[in-house]
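Here is start_3.pdb, consisting of PDB, N, CA and C atoms:
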ATOM      1  N   MET A  28     -47.030  52.406 -13.036
ATOM      2  CA  MET A  28     -47.253  52.541 -14.465
ATOM      3  C   MET A  28     -46.507  53.789 -14.920
ATOM      4  N   SER A  29     -45.734  53.646 -15.988
ATOM      5  CA  SER A  29     -44.988  54.791 -16.488
ATOM      6  C   SER A  29     -45.945  55.804 -17.100
ATOM      7  N   ILE A  30     -45.492  57.019 -17.208
ATOM      8  CA  ILE A  30     -46.340  58.102 -17.704
ATOM      9  C   ILE A  30     -46.725  57.898 -19.172
ATOM     10  N   GLU A  31     -45.831  57.290 -19.955
ATOM     11  CA  GLU A  31     -46.152  57.034 -21.365
ATOM     12  C   GLU A  31     -47.268  56.002 -21.504
ATOM     13  N   ILE A  32     -47.185  54.948 -20.706
ATOM     14  CA  ILE A  32     -48.228  53.915 -20.741
ATOM     15  C   ILE A  32     -49.540  54.489 -20.232
ATOM     16  N   PHE A  33     -49.474  55.295 -19.157
ATOM     17  CA  PHE A  33     -50.678  55.906 -18.625
ATOM     18  C   PHE A  33     -51.363  56.773 -19.681
ATOM     19  N   HIS A  34     -50.601  57.609 -20.374
ATOM     20  CA  HIS A  34     -51.188  58.473 -21.400
ATOM     21  C   HIS A  34     -51.759  57.658 -22.564
ATOM     22  N   PHE A  35     -51.086  56.592 -22.937
ATOM     23  CA  PHE A  35     -51.604  55.753 -24.013
ATOM     24  C   PHE A  35     -52.915  55.084 -23.611
ATOM     25  N   VAL A  36     -52.968  54.540 -22.397
ATOM     26  CA  VAL A  36     -54.188  53.874 -21.920
ATOM     27  C   VAL A  36     -55.322  54.888 -21.816
ATOM     28  N   ARG A  37     -55.030  56.059 -21.307
ATOM     29  CA  ARG A  37     -56.067  57.096 -21.200
ATOM     30  C   ARG A  37     -56.549  57.540 -22.573
ATOM     31  N   PHE A  38     -55.612  57.717 -23.515
ATOM     32  CA  PHE A  38     -55.974  58.089 -24.880
ATOM     33  C   PHE A  38     -56.850  57.009 -25.517
ATOM     34  N   LEU A  39     -56.451  55.764 -25.373
ATOM     35  CA  LEU A  39     -57.225  54.650 -25.928
ATOM     36  C   LEU A  39     -58.621  54.582 -25.303
ATOM     37  N   HIS A  40     -58.703  54.826 -24.014
ATOM     38  CA  HIS A  40     -59.982  54.820 -23.312
ATOM     39  C   HIS A  40     -60.914  55.901 -23.864
ATOM     40  N   VAL A  41     -60.403  57.101 -24.024
ATOM     41  CA  VAL A  41     -61.225  58.221 -24.509
ATOM     42  C   VAL A  41     -61.617  58.015 -25.964
ATOM     43  N   VAL A  42     -60.697  57.551 -26.789
ATOM     44  CA  VAL A  42     -61.006  57.345 -28.213
ATOM     45  C   VAL A  42     -62.048  56.237 -28.379
ATOM     46  N   CYS A  43     -61.879  55.133 -27.691
ATOM     47  CA  CYS A  43     -62.848  54.030 -27.815
ATOM     48  C   CYS A  43     -64.209  54.416 -27.254
ATOM     49  N   ALA A  44     -64.239  55.132 -26.146
ATOM     50  CA  ALA A  44     -65.522  55.567 -25.586
ATOM     51  C   ALA A  44     -66.213  56.551 -26.523
ATOM     52  N   SER A  45     -65.458  57.464 -27.109
ATOM     53  CA  SER A  45     -66.042  58.421 -28.054
ATOM     54  C   SER A  45     -66.544  57.723 -29.310
ATOM     55  N   ALA A  46     -65.779  56.787 -29.813
ATOM     56  CA  ALA A  46     -66.201  56.047 -31.010
ATOM     57  C   ALA A  46     -67.434  55.207 -30.717
ATOM     58  N   TRP A  47     -67.478  54.590 -29.542
ATOM     59  CA  TRP A  47     -68.657  53.801 -29.166
ATOM     60  C   TRP A  47     -69.891  54.687 -29.062
ATOM     61  N   PHE A  48     -69.748  55.840 -28.420
ATOM     62  CA  PHE A  48     -70.875  56.755 -28.297
ATOM     63  C   PHE A  48     -71.312  57.273 -29.671
ATOM     64  N   GLY A  49     -70.362  57.593 -30.529
ATOM     65  CA  GLY A  49     -70.693  58.018 -31.884
ATOM     66  C   GLY A  49     -71.418  56.933 -32.658
ATOM     67  N   GLU A  50     -71.024  55.708 -32.438
ATOM     68  CA  GLU A  50     -71.690  54.591 -33.111
ATOM     69  C   GLU A  50     -73.132  54.443 -32.634
ATOM     70  N   VAL A  51     -73.356  54.639 -31.359
ATOM     71  CA  VAL A  51     -74.717  54.582 -30.824
ATOM     72  C   VAL A  51     -75.572  55.695 -31.441
ATOM     73  N   VAL A  52     -75.010  56.879 -31.585
ATOM     74  CA  VAL A  52     -75.732  57.991 -32.202
ATOM     75  C   VAL A  52     -76.055  57.678 -33.658
ATOM     76  N   VAL A  53     -75.103  57.137 -34.396
ATOM     77  CA  VAL A  53     -75.333  56.793 -35.799
ATOM     78  C   VAL A  53     -76.420  55.725 -35.926
ATOM     79  N   ILE A  54     -76.384  54.733 -35.066
ATOM     80  CA  ILE A  54     -77.411  53.685 -35.113
ATOM     81  C   ILE A  54     -78.791  54.285 -34.891
ATOM     82  N   ASN A  55     -78.911  55.122 -33.868
ATOM     83  CA  ASN A  55     -80.224  55.638 -33.502
ATOM     84  C   ASN A  55     -80.752  56.720 -34.435
ATOM     85  N   PHE A  56     -79.869  57.538 -34.989
ATOM     86  CA  PHE A  56     -80.334  58.674 -35.781
ATOM     87  C   PHE A  56     -80.119  58.533 -37.280
ATOM     88  N   VAL A  57     -79.384  57.516 -37.711
ATOM     89  CA  VAL A  57     -79.161  57.324 -39.149
ATOM     90  C   VAL A  57     -79.678  55.963 -39.607
ATOM     91  N   LEU A  58     -79.193  54.889 -38.991
ATOM     92  CA  LEU A  58     -79.528  53.553 -39.486
ATOM     93  C   LEU A  58     -80.957  53.128 -39.194
ATOM     94  N   ILE A  59     -81.449  53.417 -38.015
ATOM     95  CA  ILE A  59     -82.833  53.039 -37.702
ATOM     96  C   ILE A  59     -83.820  53.787 -38.603
ATOM     97  N   PRO A  60     -83.675  55.116 -38.798
ATOM     98  CA  PRO A  60     -84.571  55.770 -39.759
ATOM     99  C   PRO A  60     -84.397  55.252 -41.186
ATOM    100  N   ALA A  61     -83.178  54.917 -41.588
ATOM    101  CA  ALA A  61     -82.967  54.368 -42.933
ATOM    102  C   ALA A  61     -83.617  52.999 -43.063
ATOM    103  N   LEU A  62     -83.653  52.254 -41.993
ATOM    104  CA  LEU A  62     -84.272  50.936 -42.003
ATOM    105  C   LEU A  62     -85.779  51.029 -42.253
ATOM    106  N   SER A  63     -86.388  52.098 -41.800
ATOM    107  CA  SER A  63     -87.837  52.242 -41.993
ATOM    108  C   SER A  63     -88.214  52.450 -43.458
ATOM    109  N   ARG A  64     -87.260  52.813 -44.300
ATOM    110  CA  ARG A  64     -87.532  53.002 -45.727
ATOM    111  C   ARG A  64     -87.624  51.686 -46.490
ATOM    112  N   TYR A  65     -86.999  50.652 -45.949
ATOM    113  CA  TYR A  65     -86.981  49.362 -46.630
ATOM    114  C   TYR A  65     -88.192  48.526 -46.236
ATOM    115  N   GLN A  66     -88.617  47.669 -47.156
ATOM    116  CA  GLN A  66     -89.748  46.774 -46.904
ATOM    117  C   GLN A  66     -89.364  45.349 -47.300
ATOM    118  N   GLY A  67     -89.945  44.401 -46.614
ATOM    119  CA  GLY A  67     -89.812  42.995 -46.978
ATOM    120  C   GLY A  67     -88.398  42.469 -46.963
ATOM    121  N   VAL A  68     -88.005  41.856 -48.096
ATOM    122  CA  VAL A  68     -86.711  41.200 -48.194
ATOM    123  C   VAL A  68     -85.556  42.208 -48.155
ATOM    124  N   TYR A  69     -85.814  43.433 -48.605
ATOM    125  CA  TYR A  69     -84.761  44.455 -48.579
ATOM    126  C   TYR A  69     -84.415  44.855 -47.155
ATOM    127  N   LYS A  70     -85.424  44.895 -46.306
ATOM    128  CA  LYS A  70     -85.193  45.211 -44.899
ATOM    129  C   LYS A  70     -84.364  44.112 -44.244
ATOM    130  N   LYS A  71     -84.684  42.864 -44.554
ATOM    131  CA  LYS A  71     -83.941  41.739 -43.993
ATOM    132  C   LYS A  71     -82.497  41.745 -44.489
ATOM    133  N   ASP A  72     -82.287  42.027 -45.774
ATOM    134  CA  ASP A  72     -80.924  42.107 -46.307
ATOM    135  C   ASP A  72     -80.128  43.222 -45.649
ATOM    136  N   PHE A  73     -80.785  44.364 -45.454
ATOM    137  CA  PHE A  73     -80.125  45.495 -44.797
ATOM    138  C   PHE A  73     -79.716  45.120 -43.373
ATOM    139  N   LEU A  74     -80.634  44.505 -42.655
ATOM    140  CA  LEU A  74     -80.339  44.092 -41.283
ATOM    141  C   LEU A  74     -79.226  43.057 -41.229
ATOM    142  N   ASN A  75     -79.272  42.075 -42.121
ATOM    143  CA  ASN A  75     -78.264  41.008 -42.110
ATOM    144  C   ASN A  75     -76.900  41.482 -42.583
ATOM    145  N   THR A  76     -76.854  42.551 -43.349
ATOM    146  CA  THR A  76     -75.582  43.056 -43.864
ATOM    147  C   THR A  76     -74.918  44.043 -42.915
ATOM    148  N   ILE A  77     -75.670  45.015 -42.445
ATOM    149  CA  ILE A  77     -75.089  46.133 -41.707
ATOM    150  C   ILE A  77     -74.995  45.874 -40.202
ATOM    151  N   PHE A  78     -76.075  45.426 -39.607
ATOM    152  CA  PHE A  78     -76.137  45.391 -38.152
ATOM    153  C   PHE A  78     -75.168  44.419 -37.479
ATOM    154  N   PRO A  79     -74.897  43.232 -38.003
ATOM    155  CA  PRO A  79     -73.903  42.385 -37.305
ATOM    156  C   PRO A  79     -72.521  43.033 -37.226
ATOM    157  N   LYS A  80     -72.129  43.712 -38.285
ATOM    158  CA  LYS A  80     -70.818  44.379 -38.270
ATOM    159  C   LYS A  80     -70.788  45.508 -37.256
ATOM    160  N   ILE A  81     -71.870  46.261 -37.198
ATOM    161  CA  ILE A  81     -71.928  47.387 -36.269
ATOM    162  C   ILE A  81     -71.948  46.895 -34.825
ATOM    163  N   PHE A  82     -72.716  45.856 -34.552
ATOM    164  CA  PHE A  82     -72.776  45.355 -33.188
ATOM    165  C   PHE A  82     -71.462  44.700 -32.766
ATOM    166  N   ASN A  83     -70.760  44.068 -33.683
ATOM    167  CA  ASN A  83     -69.435  43.523 -33.350
ATOM    168  C   ASN A  83     -68.455  44.651 -33.035
ATOM    169  N   LEU A  84     -68.497  45.715 -33.845
ATOM    170  CA  LEU A  84     -67.630  46.859 -33.579
ATOM    171  C   LEU A  84     -67.983  47.498 -32.244
ATOM    172  N   ALA A  85     -69.273  47.621 -31.951
ATOM    173  CA  ALA A  85     -69.695  48.201 -30.671
ATOM    174  C   ALA A  85     -69.209  47.351 -29.505
ATOM    175  N   SER A  86     -69.250  46.041 -29.649
ATOM    176  CA  SER A  86     -68.771  45.161 -28.583
ATOM    177  C   SER A  86     -67.276  45.324 -28.351
ATOM    178  N   VAL A  87     -66.507  45.431 -29.423
ATOM    179  CA  VAL A  87     -65.060  45.617 -29.289
ATOM    180  C   VAL A  87     -64.753  46.965 -28.648
ATOM    181  N   LEU A  88     -65.438  48.017 -29.108
ATOM    182  CA  LEU A  88     -65.195  49.345 -28.544
ATOM    183  C   LEU A  88     -65.597  49.412 -27.079
ATOM    184  N   ALA A  89     -66.744  48.843 -26.748
ATOM    185  CA  ALA A  89     -67.193  48.856 -25.354
ATOM    186  C   ALA A  89     -66.266  48.017 -24.476
ATOM    187  N   GLY A  90     -65.831  46.883 -24.982
ATOM    188  CA  GLY A  90     -64.912  46.054 -24.214
ATOM    189  C   GLY A  90     -63.575  46.733 -23.979
ATOM    190  N   THR A  91     -63.053  47.379 -25.006
ATOM    191  CA  THR A  91     -61.785  48.100 -24.865
ATOM    192  C   THR A  91     -61.936  49.266 -23.898
ATOM    193  N   THR A  92     -63.068  49.954 -23.966
ATOM    194  CA  THR A  92     -63.323  51.048 -23.033
ATOM    195  C   THR A  92     -63.374  50.532 -21.597
ATOM    196  N   ALA A  93     -64.003  49.400 -21.391
ATOM    197  CA  ALA A  93     -64.105  48.840 -20.044
ATOM    198  C   ALA A  93     -62.757  48.378 -19.513
ATOM    199  N   VAL A  94     -61.983  47.718 -20.354
ATOM    200  CA  VAL A  94     -60.676  47.224 -19.909
ATOM    201  C   VAL A  94     -59.745  48.388 -19.578
ATOM    202  N   THR A  95     -59.690  49.379 -20.467
ATOM    203  CA  THR A  95     -58.827  50.526 -20.187
ATOM    204  C   THR A  95     -59.347  51.328 -18.998
ATOM    205  N   GLY A  96     -60.676  51.381 -18.838
ATOM    206  CA  GLY A  96     -61.234  52.041 -17.661
ATOM    207  C   GLY A  96     -60.863  51.324 -16.379
ATOM    208  N   GLY A  97     -60.857  49.998 -16.429
ATOM    209  CA  GLY A  97     -60.426  49.231 -15.268
ATOM    210  C   GLY A  97     -58.958  49.466 -14.943
ATOM    211  N   ILE A  98     -58.136  49.562 -15.981
ATOM    212  CA  ILE A  98     -56.709  49.849 -15.759
ATOM    213  C   ILE A  98     -56.534  51.220 -15.123
ATOM    214  N   LEU A  99     -57.276  52.206 -15.618
ATOM    215  CA  LEU A  99     -57.202  53.554 -15.043
ATOM    216  C   LEU A  99     -57.730  53.581 -13.615
ATOM    217  N   LEU A 100     -58.804  52.841 -13.367
ATOM    218  CA  LEU A 100     -59.343  52.767 -12.016
ATOM    219  C   LEU A 100     -58.324  52.156 -11.063
ATOM    220  N   TYR A 101     -57.661  51.110 -11.503
ATOM    221  CA  TYR A 101     -56.625  50.498 -10.680
ATOM    222  C   TYR A 101     -55.468  51.472 -10.440
ATOM    223  N   HIS A 102     -55.121  52.228 -11.460
ATOM    224  CA  HIS A 102     -54.024  53.197 -11.325
ATOM    225  C   HIS A 102     -54.365  54.266 -10.288
ATOM    226  N   PHE A 103     -55.608  54.720 -10.275
ATOM    227  CA  PHE A 103     -55.975  55.806  -9.377
ATOM    228  C   PHE A 103     -56.291  55.346  -7.955
ATOM    229  N   ILE A 104     -57.059  54.259  -7.800
ATOM    230  CA  ILE A 104     -57.458  53.877  -6.443
ATOM    231  C   ILE A 104     -57.147  52.431  -6.103
ATOM    232  N   GLY A 105     -56.617  51.659  -7.031
ATOM    233  CA  GLY A 105     -56.261  50.280  -6.739
ATOM    234  C   GLY A 105     -57.446  49.377  -6.468
ATOM    235  N   PHE A 106     -58.565  49.637  -7.131
ATOM    236  CA  PHE A 106     -59.801  48.860  -6.978
ATOM    237  C   PHE A 106     -60.349  48.888  -5.555
ATOM    238  N   ASP A 107     -60.051  49.935  -4.807
ATOM    239  CA  ASP A 107     -60.618  50.099  -3.469
ATOM    240  C   ASP A 107     -62.018  50.695  -3.631
ATOM    241  N   ILE A 108     -63.002  49.822  -3.807
ATOM    242  CA  ILE A 108     -64.361  50.244  -4.133
ATOM    243  C   ILE A 108     -64.973  51.079  -3.012
ATOM    244  N   ILE A 109     -64.645  50.782  -1.783
ATOM    245  CA  ILE A 109     -65.194  51.555  -0.662
ATOM    246  C   ILE A 109     -64.766  53.009  -0.761
ATOM    247  N   SER A 110     -63.501  53.254  -1.070
ATOM    248  CA  SER A 110     -63.052  54.640  -1.186
ATOM    249  C   SER A 110     -63.688  55.324  -2.399
ATOM    250  N   LEU A 111     -64.040  54.546  -3.417
ATOM    251  CA  LEU A 111     -64.696  55.129  -4.589
ATOM    252  C   LEU A 111     -66.075  55.672  -4.221
ATOM    253  N   THR A 112     -66.803  54.955  -3.388
ATOM    254  CA  THR A 112     -68.131  55.434  -2.991
ATOM    255  C   THR A 112     -68.057  56.588  -2.008
ATOM    256  N   LEU A 113     -66.956  56.734  -1.308
ATOM    257  CA  LEU A 113     -66.810  57.813  -0.332
ATOM    258  C   LEU A 113     -66.310  59.108  -0.955
ATOM    259  N   LYS A 114     -65.934  59.090  -2.226
ATOM    260  CA  LYS A 114     -65.385  60.282  -2.862
ATOM    261  C   LYS A 114     -66.463  61.210  -3.411
ATOM    262  N   GLY A 115     -67.705  60.971  -3.046
ATOM    263  CA  GLY A 115     -68.777  61.856  -3.484
ATOM    264  C   GLY A 115     -69.573  61.259  -4.621
ATOM    265  N   THR A 116     -70.322  62.104  -5.282
ATOM    266  CA  THR A 116     -71.225  61.632  -6.328
ATOM    267  C   THR A 116     -70.470  61.148  -7.559
ATOM    268  N   TRP A 117     -69.283  61.679  -7.829
ATOM    269  CA  TRP A 117     -68.526  61.249  -8.997
ATOM    270  C   TRP A 117     -68.118  59.788  -8.871
ATOM    271  N   GLY A 118     -67.609  59.411  -7.732
ATOM    272  CA  GLY A 118     -67.216  58.021  -7.525
ATOM    273  C   GLY A 118     -68.398  57.074  -7.533
ATOM    274  N   LEU A 119     -69.500  57.500  -6.926
ATOM    275  CA  LEU A 119     -70.709  56.686  -6.935
ATOM    276  C   LEU A 119     -71.267  56.547  -8.350
ATOM    277  N   SER A 120     -71.187  57.610  -9.125
ATOM    278  CA  SER A 120     -71.646  57.556 -10.519
ATOM    279  C   SER A 120     -70.817  56.574 -11.336
ATOM    280  N   ILE A 121     -69.519  56.576 -11.136
ATOM    281  CA  ILE A 121     -68.655  55.627 -11.843
ATOM    282  C   ILE A 121     -69.019  54.197 -11.469
ATOM    283  N   LEU A 122     -69.254  53.969 -10.197
ATOM    284  CA  LEU A 122     -69.605  52.629  -9.729
ATOM    285  C   LEU A 122     -70.940  52.166 -10.307
ATOM    286  N   ILE A 123     -71.938  53.016 -10.293
ATOM    287  CA  ILE A 123     -73.252  52.666 -10.843
ATOM    288  C   ILE A 123     -73.150  52.439 -12.344
ATOM    289  N   TYR A 124     -72.426  53.303 -13.042
ATOM    290  CA  TYR A 124     -72.260  53.142 -14.488
ATOM    291  C   TYR A 124     -71.563  51.827 -14.801
ATOM    292  N   ARG A 125     -70.600  51.462 -14.003
ATOM    293  CA  ARG A 125     -69.846  50.226 -14.241
ATOM    294  C   ARG A 125     -70.766  49.004 -14.181
ATOM    295  N   TYR A 126     -71.621  48.950 -13.167
ATOM    296  CA  TYR A 126     -72.536  47.812 -13.058
ATOM    297  C   TYR A 126     -73.598  47.825 -14.148
ATOM    298  N   ALA A 127     -74.071  49.011 -14.516
ATOM    299  CA  ALA A 127     -75.052  49.103 -15.603
ATOM    300  C   ALA A 127     -74.411  48.673 -16.918
ATOM    301  N   TRP A 128     -73.178  49.086 -17.145
ATOM    302  CA  TRP A 128     -72.485  48.706 -18.378
ATOM    303  C   TRP A 128     -72.279  47.198 -18.423
ATOM    304  N   LEU A 129     -71.846  46.620 -17.311
ATOM    305  CA  LEU A 129     -71.608  45.175 -17.294
ATOM    306  C   LEU A 129     -72.872  44.390 -17.615
ATOM    307  N   SER A 130     -73.984  44.812 -17.057
ATOM    308  CA  SER A 130     -75.223  44.075 -17.309
ATOM    309  C   SER A 130     -75.641  44.185 -18.769
ATOM    310  N   THR A 131     -75.536  45.361 -19.369
ATOM    311  CA  THR A 131     -75.920  45.497 -20.782
ATOM    312  C   THR A 131     -74.914  44.825 -21.697
ATOM    313  N   TYR A 132     -73.643  44.842 -21.346
ATOM    314  CA  TYR A 132     -72.617  44.221 -22.182
ATOM    315  C   TYR A 132     -72.812  42.709 -22.233
ATOM    316  N   TYR A 133     -73.019  42.100 -21.087
ATOM    317  CA  TYR A 133     -73.250  40.654 -21.064
ATOM    318  C   TYR A 133     -74.576  40.289 -21.715
ATOM    319  N   PHE A 134     -75.591  41.126 -21.529
ATOM    320  CA  PHE A 134     -76.882  40.879 -22.161
ATOM    321  C   PHE A 134     -76.754  40.885 -23.678
ATOM    322  N   SER A 135     -75.934  41.796 -24.219
ATOM    323  CA  SER A 135     -75.785  41.856 -25.678
ATOM    324  C   SER A 135     -75.165  40.584 -26.231
ATOM    325  N   PHE A 136     -74.261  39.964 -25.497
ATOM    326  CA  PHE A 136     -73.658  38.716 -25.978
ATOM    327  C   PHE A 136     -74.662  37.564 -25.942
ATOM    328  N   PHE A 137     -75.427  37.479 -24.876
ATOM    329  CA  PHE A 137     -76.404  36.392 -24.775
ATOM    330  C   PHE A 137     -77.580  36.607 -25.719
ATOM    331  N   TYR A 138     -77.945  37.838 -25.954
ATOM    332  CA  TYR A 138     -79.087  38.148 -26.821
ATOM    333  C   TYR A 138     -78.791  37.827 -28.275
ATOM    334  N   ARG A 139     -77.565  38.088 -28.705
ATOM    335  CA  ARG A 139     -77.199  37.859 -30.106
ATOM    336  C   ARG A 139     -77.021  36.396 -30.431
ATOM    337  N   LYS A 140     -76.674  35.587 -29.483
ATOM    338  CA  LYS A 140     -76.354  34.189 -29.786
ATOM    339  C   LYS A 140     -77.530  33.282 -29.658
TER
END
Would it be possible to restate this file's structure as structure tokens?
Amino acid sequence: MSIEIFHFVRFLHVVCASAWFGEVVVINFVLIPALSRYQGVYKKDFLNTIFPKIFNLASVLAGTTAVTGGILLYHFIGFDIISLTLKGTWGLSILIYRYAWLSTYYFSFFYRK
């Protein structure tokens, strides 16, 4: 992989991960408290208007983060998972996070449909 492509993939990975994390913070600390102010039909309208767009954006950001993370993982170790677990707690943390992310990502698709 050329250095320009590597830097672009890494930049895209960091930007999408940061945007996804920021979106999670906004949902938990802004939208959920704002939702508690609405009652009845207004709450339903708020949920039907805002949340599908936010969850679609979160899915795109999380998916892009995962794909670019996989590309970076391949660039660094070539998907040699055994060597990833032998590199200490950092490699094991990446592996555990990857499986946790996959389970929640797939759950979000099945839960929404």
Could you please write out, as a ChimeraX atom specification, every residue of region 54-128 of chain A that DSSP assigns to alpha helix (DSSP H)? /A:59-62,68-104,108-113,116-128
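Against the coordinates shown, the PyMOL selection byres (((chain A and resi 32-36 and name CA) around 9) and name CA) returns Met28, Ser29, Ile30, Glu31, Arg37, Phe38, Leu39, His40, Val41, Thr95, Gly96, Ile98, Leu99 and His102 of chain A.
The spacing separating CA of Ser63 (chain A) from CA of Cys43 (chain A) amounts to 28.8 Å.
You will find CA of Phe82 (chain A) at 26.1 Å from CA of Leu100 (chain A).
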Two-atom distance - CA of Ala85 (chain A), CA of Trp47 (chain A) (Å): 5.9 Å
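You can rank A:Gly115, A:Ala61, A:Val53, A:Ser86 by their closest distance to Leu74 (chain A) using only C-alpha atoms, and at the top of that list sits A:Ala61.
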